[in-house]
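Q: Here you go, input.cif (mmCIF, C-alpha atoms):
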```cif
data_query
loop_
_atom_site.label_atom_id
_atom_site.label_comp_id
_atom_site.auth_asym_id
_atom_site.auth_seq_id
_atom_site.Cartn_x
_atom_site.Cartn_y
_atom_site.Cartn_z
CA MET A 1 105.94 106.52 121.87
CA ILE A 2 106.58 103.06 120.59
CA ASP A 3 109.40 103.94 118.21
CA GLU A 4 111.64 105.36 120.94
CA PRO A 5 114.55 103.28 122.17
CA LEU A 6 114.75 102.53 125.87
CA ASP A 7 118.42 103.37 125.75
CA PRO A 8 120.26 105.14 122.93
CA GLY A 9 122.72 102.20 122.87
CA ALA A 10 125.14 101.64 120.02
CA LEU A 11 124.70 103.63 116.87
CA PRO A 12 123.76 101.79 113.67
CA ASN A 13 127.21 102.31 112.12
CA GLY A 14 128.96 100.66 115.10
CA ARG A 15 130.29 103.79 116.81
CA GLU A 16 130.11 104.29 120.55
CA PRO A 17 126.90 105.76 121.96
CA LEU A 18 126.72 109.52 122.11
CA ARG A 19 126.96 111.42 125.36
CA ARG A 20 123.82 113.35 126.22
CA PRO A 21 124.44 116.82 124.76
CA PRO A 22 124.11 119.89 126.99
CA ALA A 23 121.38 121.18 124.67
CA ILE A 24 119.19 118.19 125.60
CA VAL A 25 119.90 118.59 129.32
CA VAL A 26 119.08 122.32 129.30
CA SER A 27 116.08 121.86 127.00
CA THR A 28 114.64 119.17 129.27
CA LEU A 29 115.14 121.32 132.37
CA LEU A 30 113.58 124.37 130.71
CA LEU A 31 110.60 122.34 129.51
CA ALA A 32 110.18 120.91 133.01
CA PHE A 33 110.27 124.44 134.49
CA TRP A 34 107.62 125.58 132.00
CA TRP A 35 105.36 122.69 132.93
CA ALA A 36 105.92 123.22 136.67
CA TYR A 37 104.82 126.84 136.33
CA THR A 38 101.84 125.87 134.17
CA LEU A 39 100.88 123.15 136.64
CA ALA A 40 101.10 125.54 139.60
CA VAL A 41 98.85 128.08 137.87
CA ASP A 42 96.39 125.37 136.81
CA VAL A 43 96.18 123.91 140.31
CA ALA A 44 95.57 127.37 141.76
CA LEU A 45 92.81 128.05 139.24
CA LEU A 46 91.24 124.60 139.53
CA GLY A 47 91.19 124.97 143.30
CA GLU A 48 88.57 127.68 142.80
CA VAL A 49 86.71 126.13 139.86
CA GLY A 50 86.86 122.43 140.72
CA GLY A 51 85.33 119.71 138.59
CA VAL A 52 86.53 116.14 138.31
CA GLY A 53 86.91 116.40 134.54
CA ASN A 54 89.27 119.34 134.88
CA TRP A 55 91.47 117.47 137.34
CA VAL A 56 91.50 114.36 135.13
CA ALA A 57 92.50 116.47 132.11
CA LEU A 58 95.29 118.08 134.11
CA ALA A 59 96.53 114.67 135.26
CA CYS A 60 96.50 113.38 131.68
CA CYS A 61 98.42 116.43 130.43
CA THR A 62 100.95 115.97 133.23
CA GLY A 63 101.40 112.35 132.22
CA ALA A 64 101.89 113.33 128.58
CA VAL A 65 104.51 115.94 129.52
CA ALA A 66 106.30 113.36 131.69
CA VAL A 67 106.41 110.92 128.75
CA VAL A 68 107.79 113.62 126.44
CA LEU A 69 110.43 114.67 128.99
CA ARG A 70 111.49 111.05 129.50
CA GLY A 71 111.63 110.45 125.77
CA LEU A 72 113.65 113.59 125.12
CA TRP A 73 116.07 112.69 127.92
CA ARG A 74 116.58 109.19 126.48
CA GLY A 75 116.93 110.36 122.88
CA GLY A 76 113.55 109.41 121.49
CA PRO A 77 112.79 110.74 118.02
CA THR A 78 109.06 111.08 118.72
CA ALA A 79 109.66 113.19 121.80
CA TRP A 80 112.16 115.30 119.85
CA ARG A 81 109.52 115.86 117.16
CA VAL A 82 106.91 116.86 119.74
CA VAL A 83 109.21 119.41 121.40
CA HIS A 84 110.52 120.61 118.04
CA ARG A 85 107.03 121.26 116.68
CA PHE A 86 105.38 122.45 119.91
CA ALA A 87 107.70 124.46 122.13
CA ALA A 88 108.96 127.37 120.04
CA PRO A 89 105.73 127.94 118.05
CA VAL A 90 103.55 127.92 121.17
CA ALA A 91 105.95 130.25 122.99
CA LEU A 92 105.91 132.57 119.97
CA ALA A 93 102.11 132.57 120.03
CA PHE A 94 102.11 133.46 123.75
CA LEU A 95 104.63 136.25 123.24
CA THR A 96 102.70 137.60 120.24
CA GLY A 97 99.51 137.65 122.28
CA ALA A 98 101.25 139.46 125.13
CA GLY A 99 102.67 141.99 122.67
CA ILE A 100 99.24 142.60 121.14
CA MET A 101 97.77 143.14 124.60
CA LEU A 102 100.52 145.63 125.44
CA ILE A 103 100.03 147.53 122.18
CA PHE A 104 96.24 147.63 122.04
CA GLY A 105 95.32 147.18 125.71
CA PRO A 106 95.92 150.78 126.79
CA ARG A 107 93.94 152.09 123.81
CA LEU A 108 90.97 149.95 124.72
CA GLY A 109 91.28 150.63 128.44
CA SER A 110 91.53 146.90 129.14
CA LEU A 111 94.86 146.75 130.92
CA ILE A 112 95.00 146.65 134.68
CA THR A 113 95.45 150.10 136.16
CA ALA A 114 97.34 151.14 139.29
CA PRO A 115 97.62 150.10 142.05
CA VAL A 116 98.67 146.62 140.94
CA ASP A 117 98.90 143.78 143.42
CA PRO A 118 102.52 142.60 143.81
CA ALA A 119 101.34 138.98 143.59
CA LEU A 120 99.97 139.70 140.11
CA ILE A 121 103.28 141.21 139.03
CA ALA A 122 105.12 138.15 140.37
CA ALA A 123 102.73 135.79 138.55
CA LEU A 124 103.11 137.71 135.28
CA ALA A 125 106.91 137.80 135.60
CA GLY A 126 106.91 134.06 136.31
CA GLY A 127 104.70 133.50 133.28
CA LEU A 128 107.05 135.50 131.08
CA LEU A 129 110.01 133.47 132.35
CA ALA A 130 108.11 130.24 131.73
CA VAL A 131 107.26 131.24 128.16
CA LEU A 132 110.86 132.26 127.49
CA ALA A 133 111.97 128.88 128.92
CA LEU A 134 109.55 127.15 126.56
CA ALA A 135 110.93 129.10 123.60
CA ALA A 136 114.53 128.36 124.54
CA SER A 137 113.70 124.66 124.98
CA GLY A 138 112.19 124.55 121.52
CA LEU A 139 115.21 126.25 119.99
CA LEU A 140 117.76 124.07 121.81
CA VAL A 141 116.35 120.82 120.41
CA ARG A 142 117.00 122.20 116.93
CA THR A 143 120.78 122.19 117.41
CA SER A 144 122.79 119.55 115.58
CA PRO A 145 124.00 117.73 118.75
CA ALA A 146 120.40 117.49 119.99
CA ARG A 147 119.22 116.21 116.61
CA ALA A 148 122.01 113.63 116.58
CA TRP A 149 121.14 112.49 120.13
CA CYS A 150 117.55 111.86 119.08
CA GLY A 151 118.47 110.11 115.85
CA ARG A 152 117.60 113.05 113.59
CA ARG A 153 119.85 114.48 110.89
#
```
Would you give me this structure, written as structure tokens?

A:
Amino acid sequence: MIDEPLDPGALPNGREPLRRPPAIVVSTLLLAFWWAYTLAVDVALLGEVGGVGNWVALACCTGAVAVVLRGLWRGGPTAWRVVHRFAAPVALAFLTGAGIMLIFGPRLGSLITAPVDPALIAALAGGLLAVLALAASGLLVRTSPARAWCGRR
């Protein structure tokens, strides 16, 4: 993310630097929560599957998310663009898929039937919270203070 400033610094028109808006703080925390949940699920699944390539891919994705979080925190326009274009649409896709499964799953007999393991319920509830956090993060970066912090109009 070469075009991102290391520090927001002084604005081009000579005004004082902006304070980090609450929308950026909350968006960064929500995005970090989403990735922490995703990482925990991936590590649990990769523990069973294994494969060096899978672990390398997960490490690369974690590095990319760390770069985006750092860029968003510091006001980078590239990081803002990534979160703006990724978070809300991907969360909407996840929620649409979950809705389709809830609508058509019982008709096809493909949903899990009782008794359901409490660990599965906890994992699904955590996943729903993570997806909602991703959606909220994507919506928060679209606010005008967040756009101004990242040099967007």

Q: Applying the PyMOL selection byres ((chain A and resi 34) around 8) to the file I just gave you, which residues come out? Please list them as a list in words.

A: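 This file gives the following for the PyMOL selection byres ((chain A and resi 34) around 8): Leu30, Leu31, Ala32, Phe33, Trp35, Ala36, Tyr37, Thr38, Ala130, Val131, Ala133 and Leu134 of chain A.
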
Q: Atom CA of A:Ala87 to atom CA of A:Ser137: how many Å, to one decimal?

A: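 Computed distance, atom CA of A:Ala87 to atom CA of A:Ser137, equals 6.6 Å.
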
Q: Between A:Leu69, A:Ala88, A:Leu120, A:Leu29, which is the closest to A:Val41 once you count all atoms listed in the file?

A: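 So, comparing all the options, the nearest one is A:Leu120.
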
Q: For this file, the PyMOL selection byres ((chain A and resi 82) around 12) selects which residues, as a ChimeraX atom specification?

A: /A:1,31,64-65,67-69,71-72,76-81,83-90,137-138,141-142,150

Q: From the set A:Ala146, A:Val49, A:Ala98, A:Leu92, which residue has the shortest atom-to-atom contact distance to A:Leu132, counting all atoms listed in the file?

A: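 With all atoms listed in the file as the atom set, the closest residue is A:Leu92.
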
Q: One decimal, in Å: what's the spacing between atom CA of A:Ala66 and atom CA of A:Leu95?

A: 24.5 Å

Q: Atom CA of A:Gly63 and atom CA of A:Val43 are how many Å apart?

A: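 Between atom CA of A:Gly63 and atom CA of A:Val43 the gap works out to 15.0 Å.
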
Q: On this structure, which residues satisfy the PyMOL selection byres ((chain A and resi 21) around 12), written as a ChimeraX atom specification?

A: /A:17-20,22-28,72-75,140-141,143-150

Q: Hey, could you patch up stretch 63-74 of chain A with all heavy atoms and hand it over as a compact mmCIF listing (two decimals), keeping the file's coordinate frame?

A:
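And here is the file that came out, result37.txt:
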```txt
# COMPACT_ATOMS: atom_id res chain seq x y z
N GLY A 63 100.84 113.62 132.67
CA GLY A 63 101.40 112.35 132.22
C GLY A 63 102.02 112.45 130.84
O GLY A 63 103.10 111.90 130.59
N ALA A 64 101.35 113.16 129.94
CA ALA A 64 101.89 113.33 128.58
C ALA A 64 103.20 114.11 128.61
O ALA A 64 104.16 113.75 127.91
CB ALA A 64 100.87 114.04 127.70
N VAL A 65 103.27 115.16 129.42
CA VAL A 65 104.51 115.94 129.52
C VAL A 65 105.62 115.07 130.11
O VAL A 65 106.77 115.12 129.66
CB VAL A 65 104.28 117.22 130.34
CG1 VAL A 65 105.59 117.90 130.69
CG2 VAL A 65 103.38 118.18 129.59
N ALA A 66 105.29 114.24 131.09
CA ALA A 66 106.30 113.36 131.69
C ALA A 66 106.84 112.37 130.65
O ALA A 66 108.05 112.11 130.59
CB ALA A 66 105.71 112.60 132.88
N VAL A 67 105.97 111.85 129.80
CA VAL A 67 106.41 110.92 128.75
C VAL A 67 107.32 111.64 127.75
O VAL A 67 108.35 111.10 127.34
CB VAL A 67 105.18 110.30 128.04
CG1 VAL A 67 105.58 109.58 126.77
CG2 VAL A 67 104.46 109.35 128.98
N VAL A 68 106.96 112.86 127.38
CA VAL A 68 107.79 113.62 126.44
C VAL A 68 109.14 113.95 127.07
O VAL A 68 110.19 113.80 126.42
CB VAL A 68 107.07 114.90 125.98
CG1 VAL A 68 108.01 115.84 125.24
CG2 VAL A 68 105.89 114.55 125.10
N LEU A 69 109.16 114.38 128.33
CA LEU A 69 110.43 114.67 128.99
C LEU A 69 111.31 113.43 129.08
O LEU A 69 112.52 113.50 128.81
CB LEU A 69 110.17 115.24 130.39
CG LEU A 69 109.62 116.66 130.45
CD1 LEU A 69 109.24 117.01 131.88
CD2 LEU A 69 110.62 117.65 129.90
N ARG A 70 110.73 112.30 129.42
CA ARG A 70 111.49 111.05 129.50
C ARG A 70 112.03 110.67 128.12
O ARG A 70 113.18 110.26 127.99
CB ARG A 70 110.60 109.95 130.04
CG ARG A 70 111.28 108.60 130.16
CD ARG A 70 110.30 107.56 130.72
NE ARG A 70 110.90 106.26 130.78
CZ ARG A 70 110.81 105.35 129.82
NH1 ARG A 70 110.13 105.62 128.72
NH2 ARG A 70 111.37 104.17 129.95
N GLY A 71 111.19 110.80 127.11
CA GLY A 71 111.63 110.45 125.77
C GLY A 71 112.73 111.36 125.26
O GLY A 71 113.69 110.90 124.64
N LEU A 72 112.62 112.64 125.54
CA LEU A 72 113.65 113.59 125.12
C LEU A 72 114.96 113.29 125.84
O LEU A 72 116.04 113.30 125.24
CB LEU A 72 113.21 115.02 125.40
CG LEU A 72 114.10 116.13 124.88
CD1 LEU A 72 114.17 116.08 123.36
CD2 LEU A 72 113.55 117.49 125.33
N TRP A 73 114.88 112.99 127.12
CA TRP A 73 116.07 112.69 127.92
C TRP A 73 116.78 111.44 127.39
O TRP A 73 118.00 111.37 127.36
CB TRP A 73 115.67 112.50 129.38
CG TRP A 73 116.82 112.35 130.29
CD1 TRP A 73 117.27 111.18 130.84
CD2 TRP A 73 117.69 113.37 130.78
NE1 TRP A 73 118.36 111.43 131.65
CE2 TRP A 73 118.63 112.78 131.62
CE3 TRP A 73 117.74 114.74 130.57
CZ2 TRP A 73 119.62 113.49 132.27
CZ3 TRP A 73 118.73 115.47 131.22
CH2 TRP A 73 119.66 114.85 132.04
N ARG A 74 116.00 110.45 126.95
CA ARG A 74 116.58 109.19 126.48
C ARG A 74 116.89 109.19 124.98
O ARG A 74 117.35 108.20 124.45
CB ARG A 74 115.64 108.04 126.80
CG ARG A 74 115.57 107.79 128.27
CD ARG A 74 114.65 106.63 128.55
NE ARG A 74 114.73 106.29 129.95
CZ ARG A 74 114.91 105.06 130.39
NH1 ARG A 74 115.02 104.08 129.55
NH2 ARG A 74 114.97 104.84 131.67
```
